[in-house]
Amino acid sequence: MSSPADLDTFTIELPSWAFGNAGTRFKVFATPGVPRDPYEKISDAAQVHRYTGLAPRVSLHIPWDLVDDYDALARHAADEGVSIGAINSNLFQDDDYRLGSLANPSKAVRDKAIAHHAACVDVMRATGSTDLKLWLPDGTNYPGQDSIRARQDRLADSLQQVYALLDPGHRLLIEYKLFEPSFYTMDIPDWGTALTHCLALGDQANVVLDTGHHAPSTNIEFIVAMLLRAGRLGAFDFNSRFYADDDLMVGAADPFQLFRILNEIVEQDAHLPASGVNFMLDQCHNIEPKIQGQIRSVLNVEEALAKALLVDRAALTAAQQEGDVLGAHAVVMDAYNTDVRRSLADRREDKGLERDPVAAFRASGYLDRVSAERVGGLQASWGA
Ligand code: AOS
Ligand code: ZN
Ligand code: ZN
């Protein structure tokens with residue numbers, strides 16, 4: 001049975017790329033104090049954990065976070081009080097991938113993409129990461145450009161080779177996306193395709209649900225319920241969208257949707273660490289301050305979870321059994337409409353954290369210090 005005390009074990013993973021300069025294809029705005037290397041990205045991420053107590057892991061992206069010595073990077077993370085989370089591969093920034101990577105018609109290109117994952121698994125071994133995260137940008141732009149079926153066959157074969165690279169205890173997390181960068185077909189456009197590949201691969205393969213990767217009005221909580229039922233919801237990429245893959249702060253565009261998602265999570269006890277669901281953020285902060293944007297996002301997820309934990313499950317089940325449509329709906333809405341901000345601030349205070357993490361970070365002087373120290377900070381490398 002879920003309880004508000006479950007908040008104690010809930011954690012959120014931060015993306016290293018949230019801390020670098022990001023933007024759209026129109027403009028990348030430079031921000032004072034952005035990290036100059038992966039070490040500084042981890043230091044910034046550690047600030048989010050320091051003020052929220054909620055974000056003890058950082059996802060890396062290879063090659064954006066390339067360093068000579070991953071043991072040293074993992075030690076730096078530990079010194080900062082965090083650890084390395086998922087390792088994200090990159091299949092979208094190489095000229096060889098014009099016609100795709102793991103589904104490319106050319107075996108040589110597919111082999112190159114598979115070899116990149118072998119390098120990512122080496123990073124996992126060096127950093128103690130257990131999740132290899134694969135977002136496949138492959139697809140086609142025009143009917144007839146390539147065979148949809150042949151691409152799936154090549155993809156299945158390549159994925160098997162990537163899966164074979166994993167150690168016991170490693171997981172392959174496969175992320176789907178409706179469109180972009182390909183606009184006619186994506187080779188993994190939806191949860192059905194991702195799940196089909198995961199089921200063929202084996203128990204170590206799970207689906208990643210990025211909240212921005214669906215058609216408008218898709219019922220995402222339904223997908224959450226189905227993937228949990230199948231035991232294959234490996235992770236979230238949380239963010240907000242108004243239109244498509246906007247990568248805005250989670251909980252900003254539609255806090256009610258975030259609550260509905262977490263309500264399904266709590267119903268199946270998937271908020272508990274034993275579920276293995278990795279609650280990650282996949283966001284970019286193009287115009288707002290980045291560390292504060294991450295703090296705000298982490299708090300938004302915690303707030304939605306706190307409300308979902310308030311749902312009176314016994315009353316809800318009783319109302320559902322009795323066919324009391326409005327009664328059941330009221331149980332859920334009562335929880336959503338509860339203001340949990342004060343009780344979460346009280347919890348933070350009890351744990352020795354500041355009541356208002358954003359204000360505390362702003363007052364800390366960290367940003368002024370790093371802005372003076374860091375000159376020539378990094379771009380996130382990609383605005384999505
Ligand atoms: C792309 O649209 C996906 O959301 C990816 O998860 C991610 O943003 C990218 O791979 C950065 O690592
Ligand atoms: Zn994503
Ligand atoms: Zn995305």
# chains A, B, ... in the order shown; residues from 1 in each chain; ligands from 1

$ residues_near_ligand --ligand "ligand 3" --cutoff "7 Å" --atoms "only C-alpha atoms and all ligand atoms" --output "JSON, numbers by chain"
{"A": [210, 212, 213, 245, 247, 384]}

$ closest_atom_pairs --of "chain A" --to "ligand 2" --cutoff "9 Å" --atoms "only C-alpha atoms and all ligand atoms" --output "tab-separated table"
residue	atom	partner	partner_atom_place_in_ligand_line	distance
A:Trp135	CA	ligand 2	1 (Zn)	7.2
A:Glu175	CA	ligand 2	1 (Zn)	6.9
A:Tyr176	CA	ligand 2	1 (Zn)	8.3
A:Lys177	CA	ligand 2	1 (Zn)	8.2
A:Val208	CA	ligand 2	1 (Zn)	8.0
A:Leu209	CA	ligand 2	1 (Zn)	7.7
A:Asp210	CA	ligand 2	1 (Zn)	5.0
A:Thr211	CA	ligand 2	1 (Zn)	8.0
A:Gly212	CA	ligand 2	1 (Zn)	7.7
A:His213	CA	ligand 2	1 (Zn)	7.7
A:Phe236	CA	ligand 2	1 (Zn)	8.1
A:Asp237	CA	ligand 2	1 (Zn)	5.0
A:Phe238	CA	ligand 2	1 (Zn)	7.7
A:Asn239	CA	ligand 2	1 (Zn)	8.5
A:Asp245	CA	ligand 2	1 (Zn)	8.6
A:Asp247	CA	ligand 2	1 (Zn)	8.4
A:Leu281	CA	ligand 2	1 (Zn)	8.1
A:Asp282	CA	ligand 2	1 (Zn)	5.3
A:Gln283	CA	ligand 2	1 (Zn)	8.1
A:Ala384	CA	ligand 2	1 (Zn)	8.2

$ residues_around --residues "region 313-329 of chain A" --least-positions-apart "6" --cutoff "12 Å" --atoms "only C-alpha atoms" --output "ChimeraX atom specification"
/A:1-3,260,263-264,266-269,335-336

$ residues_around --residues "region 89-94 of chain A" --least-positions-apart "6" --cutoff "7 Å" --atoms "only C-alpha atoms" --output "list in words"
His61, Ile62, Ser101, Ala113, His117, Cys120, Lys133, Leu134, Leu136 and Pro137 of chain A

$ write_last_selection --atoms "C-alpha atoms" --output "tab-separated table (two decimals), in the first residue's frame"
chain	number	residue	atom	x	y	z
A	61	HIS	CA	25.54	11.53	-23.45
A	62	ILE	CA	28.32	10.09	-25.58
A	101	SER	CA	22.15	4.21	-38.22
A	113	ALA	CA	26.48	2.35	-35.01
A	117	HIS	CA	27.26	1.18	-28.42
A	120	CYS	CA	29.06	3.29	-24.53
A	133	LYS	CA	19.75	4.40	-23.43
A	134	LEU	CA	19.14	4.32	-27.13
A	136	LEU	CA	16.82	5.93	-32.66
A	137	PRO	CA	16.47	8.92	-35.00

$ closest_residue --among "A:Ser240, A:Asn104, A:Ser217, A:Gln160" --to "ligand 1" --atoms "only C-alpha atoms and all ligand atoms"
A:Ser240

$ closest_residue --among "A:Leu99, A:Cys284, A:Met186, A:Val28" --to "ligand 1" --atoms "only C-alpha atoms and all ligand atoms"
A:Cys284

$ residues_around --residues "Phe242 (chain A)" --least-positions-apart "5" --cutoff "10 Å" --atoms "only C-alpha atoms" --output "CSV table (one decimal) with C-alpha atoms, in the first residue's frame"
chain,number,residue,atom,x,y,z
A,212,GLY,CA,7.1,14.9,-25.6
A,216,PRO,CA,-1.3,15.8,-29.4
A,247,ASP,CA,11.6,19.8,-24.1
A,248,LEU,CA,10.3,22.5,-21.7
A,252,ALA,CA,4.9,23.4,-16.7
A,253,ALA,CA,2.6,22.9,-19.7
A,254,ASP,CA,0.2,20.4,-18.2

$ select_by_dssp --residues "region 90-186 of chain A" --states "alpha helix (DSSP H)" --output "PyMOL selection string"
chain A and resi 107-127+148-163

$ residues_around --residues "Leu299 (chain A)" --least-positions-apart "5" --cutoff "12 Å" --atoms "only C-alpha atoms" --output "PyMOL selection string"
chain A and resi 7+10-12+48-49+51-55+249-252+255+281+292-294+304-306+340-341+344-345+348+355-358

$ atom_distance --atom1 "CA of Val123 (chain A)" --atom2 "CA of Tyr70 (chain A)"
6.6 Å

$ decode --residues "region 312-334 of chain A" --atoms "C-alpha atoms" --output "PDB file, in the first residue's frame"
ATOM      1  CA  ASP A 312      -7.423   7.332  -1.295  1.00  0.00           C
ATOM      2  CA  ARG A 313      -6.898   3.976  -3.024  1.00  0.00           C
ATOM      3  CA  ALA A 314      -9.404   2.083  -0.862  1.00  0.00           C
ATOM      4  CA  ALA A 315     -12.122   4.661  -1.485  1.00  0.00           C
ATOM      5  CA  LEU A 316     -11.253   4.728  -5.173  1.00  0.00           C
ATOM      6  CA  THR A 317     -11.487   0.954  -5.542  1.00  0.00           C
ATOM      7  CA  ALA A 318     -14.768   0.882  -3.624  1.00  0.00           C
ATOM      8  CA  ALA A 319     -16.279   3.585  -5.832  1.00  0.00           C
ATOM      9  CA  GLN A 320     -15.046   1.807  -8.962  1.00  0.00           C
ATOM     10  CA  GLN A 321     -16.540  -1.503  -7.800  1.00  0.00           C
ATOM     11  CA  GLU A 322     -19.862   0.159  -7.077  1.00  0.00           C
ATOM     12  CA  GLY A 323     -19.892   1.832 -10.471  1.00  0.00           C
ATOM     13  CA  ASP A 324     -19.911   5.226  -8.765  1.00  0.00           C
ATOM     14  CA  VAL A 325     -18.485   7.178 -11.668  1.00  0.00           C
ATOM     15  CA  LEU A 326     -18.551  10.610 -10.085  1.00  0.00           C
ATOM     16  CA  GLY A 327     -17.466   9.298  -6.704  1.00  0.00           C
ATOM     17  CA  ALA A 328     -14.381   7.615  -8.188  1.00  0.00           C
ATOM     18  CA  HIS A 329     -13.540  10.709 -10.214  1.00  0.00           C
ATOM     19  CA  ALA A 330     -13.925  12.871  -7.093  1.00  0.00           C
ATOM     20  CA  VAL A 331     -11.407  10.743  -5.170  1.00  0.00           C
ATOM     21  CA  VAL A 332      -8.790  11.391  -7.842  1.00  0.00           C
ATOM     22  CA  MET A 333      -9.623  15.089  -8.170  1.00  0.00           C
ATOM     23  CA  ASP A 334      -9.557  15.625  -4.394  1.00  0.00           C
TER      24      ASP A 334
END
